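Colleague: Just so it is clear, I am handing over upload-v4.pdb, which has PDB, C-alpha atoms.
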```pdb
ATOM      1  CA  MET A   1       0.674 -24.719  41.128
ATOM      2  CA  LEU A   2      -0.604 -21.185  40.554
ATOM      3  CA  ASN A   3       2.171 -20.399  38.071
ATOM      4  CA  ALA A   4       1.463 -23.579  36.096
ATOM      5  CA  ALA A   5      -2.279 -22.773  36.052
ATOM      6  CA  ILE A   6      -1.562 -19.258  34.773
ATOM      7  CA  GLU A   7       0.726 -20.617  32.027
ATOM      8  CA  VAL A   8      -1.957 -23.099  30.918
ATOM      9  CA  ALA A   9      -4.625 -20.394  30.983
ATOM     10  CA  PHE A  10      -2.447 -18.063  28.867
ATOM     11  CA  VAL A  11      -2.151 -20.772  26.203
ATOM     12  CA  LEU A  12      -5.898 -21.531  26.267
ATOM     13  CA  ILE A  13      -6.898 -17.866  25.985
ATOM     14  CA  ALA A  14      -4.370 -17.300  23.200
ATOM     15  CA  ALA A  15      -6.013 -20.172  21.288
ATOM     16  CA  ALA A  16      -9.409 -18.570  21.944
ATOM     17  CA  LEU A  17      -8.138 -15.228  20.581
ATOM     18  CA  ALA A  18      -6.855 -16.997  17.452
ATOM     19  CA  LEU A  19     -10.298 -18.574  16.911
ATOM     20  CA  ASN A  20     -11.950 -15.164  17.352
ATOM     21  CA  ILE A  21      -9.627 -13.633  14.756
ATOM     22  CA  TYR A  22     -10.465 -16.504  12.389
ATOM     23  CA  ARG A  23     -14.183 -15.724  12.729
ATOM     24  CA  LEU A  24     -13.464 -12.001  12.373
ATOM     25  CA  LEU A  25     -11.665 -12.572   9.068
ATOM     26  CA  VAL A  26     -13.987 -15.234   7.626
ATOM     27  CA  GLY A  27     -17.317 -13.609   8.455
ATOM     28  CA  PRO A  28     -19.513 -14.451   6.547
ATOM     29  CA  ASP A  29     -21.957 -11.750   7.653
ATOM     30  CA  THR A  30     -21.356  -8.355   9.292
ATOM     31  CA  THR A  31     -23.067  -9.497  12.498
ATOM     32  CA  ASP A  32     -20.556 -12.380  12.740
ATOM     33  CA  ARG A  33     -17.706  -9.910  12.583
ATOM     34  CA  ILE A  34     -19.275  -7.665  15.229
ATOM     35  CA  LEU A  35     -19.761 -10.699  17.498
ATOM     36  CA  ALA A  36     -16.149 -11.769  16.895
ATOM     37  CA  LEU A  37     -14.877  -8.275  17.785
ATOM     38  CA  ASP A  38     -16.992  -8.199  20.946
ATOM     39  CA  THR A  39     -15.688 -11.626  21.984
ATOM     40  CA  LEU A  40     -12.134 -10.527  21.188
ATOM     41  CA  GLY A  41     -12.576  -7.637  23.621
ATOM     42  CA  ILE A  42     -14.019  -9.850  26.370
ATOM     43  CA  ASN A  43     -11.251 -12.446  25.928
ATOM     44  CA  SER A  44      -8.595  -9.751  26.091
ATOM     45  CA  ILE A  45     -10.099  -8.713  29.451
ATOM     46  CA  ALA A  46      -9.497 -12.267  30.701
ATOM     47  CA  LEU A  47      -5.937 -12.140  29.335
ATOM     48  CA  LEU A  48      -5.335  -8.781  31.017
ATOM     49  CA  VAL A  49      -6.632  -9.989  34.388
ATOM     50  CA  LEU A  50      -4.421 -13.084  34.149
ATOM     51  CA  TYR A  51      -1.432 -10.888  33.376
ATOM     52  CA  GLY A  52      -2.330  -8.804  36.421
ATOM     53  CA  ILE A  53      -2.248 -11.928  38.609
ATOM     54  CA  SER A  54       1.035 -13.166  37.112
ATOM     55  CA  SER A  55       2.767  -9.788  37.504
ATOM     56  CA  ASN A  56       1.184  -9.291  40.953
ATOM     57  CA  SER A  57      -0.063  -5.820  40.073
ATOM     58  CA  THR A  58      -3.487  -4.307  40.705
ATOM     59  CA  ALA A  59      -3.060  -1.633  38.023
ATOM     60  CA  TYR A  60      -4.899  -3.602  35.335
ATOM     61  CA  PHE A  61      -8.469  -3.600  36.674
ATOM     62  CA  GLU A  62      -9.230  -0.088  35.524
ATOM     63  CA  VAL A  63      -7.973  -1.081  32.074
ATOM     64  CA  ALA A  64     -10.204  -4.164  32.170
ATOM     65  CA  LEU A  65     -13.224  -2.068  33.122
ATOM     66  CA  LEU A  66     -12.419   0.427  30.379
ATOM     67  CA  LEU A  67     -12.101  -2.360  27.802
ATOM     68  CA  ALA A  68     -15.448  -3.846  28.887
ATOM     69  CA  LEU A  69     -17.119  -0.443  28.656
ATOM     70  CA  LEU A  70     -15.665   0.471  25.258
ATOM     71  CA  GLY A  71     -16.425  -2.984  23.855
ATOM     72  CA  PHE A  72     -20.056  -2.754  24.962
ATOM     73  CA  VAL A  73     -20.546   0.774  23.625
ATOM     74  CA  GLY A  74     -18.886  -0.171  20.335
ATOM     75  CA  THR A  75     -21.034  -3.263  19.892
ATOM     76  CA  VAL A  76     -24.225  -1.364  20.685
ATOM     77  CA  ALA A  77     -23.270   1.413  18.244
ATOM     78  CA  LEU A  78     -22.542  -1.072  15.442
ATOM     79  CA  CYS A  79     -25.812  -2.946  16.079
ATOM     80  CA  LYS A  80     -27.768   0.308  16.047
ATOM     81  CA  TYR A  81     -26.091   1.211  12.785
ATOM     82  CA  LEU A  82     -27.130  -2.122  11.240
ATOM     83  CA  LEU A  83     -30.667  -1.781  12.580
ATOM     84  CA  ARG A  84     -31.400   1.860  11.787
ATOM     85  CA  GLY A  85     -28.697   2.994   9.389
ATOM     86  CA  ASP A  86     -27.752   5.568  12.017
ATOM     87  CA  ILE A  87     -26.116   5.396  15.438
ATOM     88  CA  SER A  88     -28.012   8.128  17.301
ATOM     89  CA  GLU A  89     -31.638   8.932  16.651
TER      90      GLU A  89
ATOM     91  CA  MET B   1      -1.201 -18.134  50.939
ATOM     92  CA  SER B   2      -2.359 -21.566  52.041
ATOM     93  CA  THR B   3      -2.373 -24.559  49.704
ATOM     94  CA  ALA B   4      -6.179 -24.750  49.717
ATOM     95  CA  THR B   5      -6.524 -21.113  48.625
ATOM     96  CA  GLU B   6      -3.904 -21.612  45.936
ATOM     97  CA  PHE B   7      -5.781 -24.684  44.705
ATOM     98  CA  ILE B   8      -9.080 -22.785  44.537
ATOM     99  CA  ILE B   9      -7.491 -19.896  42.632
ATOM    100  CA  SER B  10      -5.710 -22.259  40.205
ATOM    101  CA  ALA B  11      -8.914 -24.241  39.611
ATOM    102  CA  LEU B  12     -10.884 -21.040  38.926
ATOM    103  CA  ILE B  13      -8.205 -19.787  36.513
ATOM    104  CA  VAL B  14      -8.035 -23.038  34.524
ATOM    105  CA  LEU B  15     -11.831 -23.413  34.533
ATOM    106  CA  GLY B  16     -12.250 -19.832  33.361
ATOM    107  CA  ALA B  17      -9.708 -20.219  30.571
ATOM    108  CA  LEU B  18     -11.364 -23.477  29.471
ATOM    109  CA  PHE B  19     -14.763 -21.791  29.282
ATOM    110  CA  VAL B  20     -13.287 -18.849  27.363
ATOM    111  CA  LEU B  21     -11.780 -21.303  24.866
ATOM    112  CA  LEU B  22     -15.069 -23.235  24.693
ATOM    113  CA  GLY B  23     -17.003 -20.086  23.833
ATOM    114  CA  SER B  24     -14.534 -19.194  21.101
ATOM    115  CA  VAL B  25     -14.612 -22.728  19.681
ATOM    116  CA  GLY B  26     -18.389 -22.370  19.539
ATOM    117  CA  LEU B  27     -17.983 -19.016  17.772
ATOM    118  CA  ALA B  28     -15.610 -20.491  15.202
ATOM    119  CA  ARG B  29     -17.201 -23.888  14.569
ATOM    120  CA  LEU B  30     -21.000 -23.626  14.784
ATOM    121  CA  PRO B  31     -22.768 -23.421  11.404
ATOM    122  CA  ASP B  32     -25.333 -20.614  11.836
ATOM    123  CA  PHE B  33     -25.095 -17.091  13.283
ATOM    124  CA  PHE B  34     -27.823 -17.665  15.866
ATOM    125  CA  MET B  35     -26.021 -20.798  17.063
ATOM    126  CA  ARG B  36     -22.716 -18.931  17.121
ATOM    127  CA  LEU B  37     -24.292 -16.282  19.337
ATOM    128  CA  HIS B  38     -24.615 -18.828  22.165
ATOM    129  CA  GLY B  39     -20.897 -19.499  22.636
ATOM    130  CA  PRO B  40     -19.505 -16.028  23.338
ATOM    131  CA  THR B  41     -22.517 -14.721  25.238
ATOM    132  CA  LYS B  42     -22.806 -17.603  27.716
ATOM    133  CA  ALA B  43     -19.621 -19.675  27.923
ATOM    134  CA  THR B  44     -17.200 -16.779  27.503
ATOM    135  CA  THR B  45     -19.035 -14.616  30.036
ATOM    136  CA  MET B  46     -18.789 -17.387  32.606
ATOM    137  CA  GLY B  47     -15.111 -17.944  31.767
ATOM    138  CA  VAL B  48     -14.230 -14.277  32.237
ATOM    139  CA  GLY B  49     -16.352 -14.239  35.407
ATOM    140  CA  ALA B  50     -14.384 -17.178  36.854
ATOM    141  CA  THR B  51     -11.075 -15.519  35.946
ATOM    142  CA  LEU B  52     -12.106 -12.224  37.560
ATOM    143  CA  LEU B  53     -13.294 -14.097  40.670
ATOM    144  CA  ALA B  54      -9.917 -15.881  40.873
ATOM    145  CA  SER B  55      -8.205 -12.497  40.611
ATOM    146  CA  ALA B  56     -10.428 -11.074  43.369
ATOM    147  CA  ILE B  57      -9.596 -13.990  45.703
ATOM    148  CA  TYR B  58      -5.896 -13.790  44.834
ATOM    149  CA  PHE B  59      -5.544 -10.091  45.621
ATOM    150  CA  SER B  60      -7.761 -10.405  48.720
ATOM    151  CA  VAL B  61      -5.377 -13.055  50.092
ATOM    152  CA  GLN B  62      -2.191 -11.441  48.801
ATOM    153  CA  ASP B  63      -2.599  -7.898  50.061
ATOM    154  CA  SER B  64      -2.821  -7.163  53.748
ATOM    155  CA  GLU B  65      -5.247  -4.343  52.972
ATOM    156  CA  GLY B  66      -8.269  -6.632  53.167
ATOM    157  CA  VAL B  67     -10.812  -7.728  50.617
ATOM    158  CA  SER B  68     -10.083  -6.625  47.051
ATOM    159  CA  LEU B  69     -13.246  -5.480  45.307
ATOM    160  CA  HIS B  70     -11.747  -3.893  42.176
ATOM    161  CA  GLU B  71     -12.520  -6.957  40.059
ATOM    162  CA  LEU B  72     -16.205  -6.980  40.887
ATOM    163  CA  ALA B  73     -16.861  -3.833  38.816
ATOM    164  CA  PRO B  74     -15.888  -5.370  35.430
ATOM    165  CA  LEU B  75     -17.480  -8.659  36.565
ATOM    166  CA  PHE B  76     -20.924  -7.156  37.174
ATOM    167  CA  PHE B  77     -20.598  -4.900  34.146
ATOM    168  CA  LEU B  78     -19.898  -7.907  31.897
ATOM    169  CA  PHE B  79     -22.728  -9.927  33.424
ATOM    170  CA  ILE B  80     -25.178  -7.080  32.858
ATOM    171  CA  THR B  81     -24.057  -6.162  29.338
ATOM    172  CA  ALA B  82     -23.680  -9.675  27.846
ATOM    173  CA  PRO B  83     -27.461 -10.300  27.474
ATOM    174  CA  VAL B  84     -27.982  -6.785  26.083
ATOM    175  CA  THR B  85     -25.245  -7.380  23.495
ATOM    176  CA  ALA B  86     -26.719 -10.755  22.551
ATOM    177  CA  TYR B  87     -30.201  -9.268  22.210
ATOM    178  CA  LEU B  88     -29.031  -6.396  20.010
ATOM    179  CA  LEU B  89     -26.905  -8.683  17.810
ATOM    180  CA  ALA B  90     -29.771 -11.145  17.362
ATOM    181  CA  LYS B  91     -32.103  -8.258  16.516
ATOM    182  CA  ALA B  92     -29.635  -6.866  13.983
ATOM    183  CA  ALA B  93     -29.124 -10.294  12.402
ATOM    184  CA  LEU B  94     -32.884 -10.883  12.166
ATOM    185  CA  HIS B  95     -33.347  -7.425  10.660
ATOM    186  CA  ARG B  96     -30.702  -8.115   8.025
ATOM    187  CA  ARG B  97     -32.114 -11.537   7.269
ATOM    188  CA  SER B  98     -35.669 -10.277   6.811
ATOM    189  CA  ASP B  99     -34.334  -7.416   4.693
ATOM    190  CA  GLY B 100     -32.513  -9.862   2.459
ATOM    191  CA  ARG B 101     -29.225  -8.077   3.041
ATOM    192  CA  SER B 102     -27.536 -11.106   4.617
ATOM    193  CA  SER B 103     -24.720 -12.548   2.537
ATOM    194  CA  ARG B 104     -26.550 -15.824   1.845
ATOM    195  CA  GLN B 105     -30.001 -14.378   1.283
ATOM    196  CA  PRO B 106     -29.678 -12.544  -2.087
ATOM    197  CA  ALA B 107     -28.697 -15.672  -4.047
ATOM    198  CA  GLN B 108     -31.728 -17.574  -2.746
ATOM    199  CA  ALA B 109     -34.058 -14.632  -3.315
ATOM    200  CA  SER B 110     -32.999 -14.201  -6.936
ATOM    201  CA  GLU B 111     -33.476 -17.921  -7.514
ATOM    202  CA  HIS B 112     -36.977 -18.044  -6.103
ATOM    203  CA  GLU B 113     -38.445 -14.826  -7.394
ATOM    204  CA  PRO B 114     -38.733 -15.634 -11.112
ATOM    205  CA  ARG B 115     -40.693 -18.815 -10.415
ATOM    206  CA  GLN B 116     -43.502 -16.904  -8.729
ATOM    207  CA  HIS B 117     -44.193 -14.797 -11.800
TER     208      HIS B 117
END
```
For the structure just supplied, provide its representation as structure tokens.
Modeller:
Amino acid sequence: MLNAAIEVAFVLIAAALALNIYRLLVGPDTTDRILALDTLGINSIALLVLYGISSNSTAYFEVALLLALLGFVGTVALCKYLLRGDISE
Amino acid sequence: MSTATEFIISALIVLGALFVLLGSVGLARLPDFFMRLHGPTKATTMGVGATLLASAIYFSVQDSEGVSLHELAPLFFLFITAPVTAYLLAKAALHRRSDGRSSRQPAQASEHEPRQH
């Protein structure tokens, strides 16, 4: 049951990643692309955690935390750039 | 692992993946940026939260070392940062819209301006 659930979840998250990439390519505005990139990062965390369950390894949580951190910092930096024209003030 | 635990973990995984997909469908299909902001910041956050919770339960049951709390760090981090991200993105989008730098805005502005003079 668990293996079947993981297979289904892999397919669903892959579809979600494809939709994110569609929004990343289409735009139309810069903020849409930033949002798509941020969502891509969050969805890849879900994919990574699922892969950790399926391979029965606890090595992926640090990677997930790192991805969450870098995604957040990147999104904040891009938003600050759009707002102020500069990242640090 | 008992059948009940396996069922709970499987349900959380499928539910989480469904919510992740739902958020991305919202991101791809909704017509306006401020509507699109809802999908990833709410549905996707809950989906990833459910997946991380399933992982926490799985490794707590699987290992004999006791409760696994590794997953809770990214979980809480995501739950704290998602509203901040949404707020900053909405602020940036509003800023661009009021500045007239949005991709749709310049065409409308150039149409309306000559009529006022």
Colleague: Expand the ChimeraX specification (/B :<8) & /A into the individual residues it matches in the shown file, reporting them as a ChimeraX atom specification.
Modeller: /A:1-2,5-6,8-10,12-13,15-17,19-20,22-23,28-29,31-32,35-36,39,42-43,45-46,49-50,53,58,61,64-65,68-69,72,75-76,79-80,82-83
Colleague: If I take CA of Gly71 in chain A and CA of Gly41 in chain A, how far is one from the other in Å, to one decimal?
Modeller: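 Taking CA of Gly71 in chain A and CA of Gly41 in chain A, their separation equals 6.0 Å.
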Colleague: Draw an axis-aligned box tight on the listed atoms of range 59-76 of chain A, then pad every side by 8 Å and write out centre and edge lengths in Å to one decimal as lines of an AutoDock Vina configuration file.
Modeller:
```
center_x = -13.6
center_y = -1.7
center_z = 29.0
size_x = 37.2
size_y = 20.9
size_z = 34.1
```
Colleague: Provide the CA of Ala59 in chain A to CA of Ser44 in chain A distance in Å, to one decimal place.
Modeller: 15.5 Å
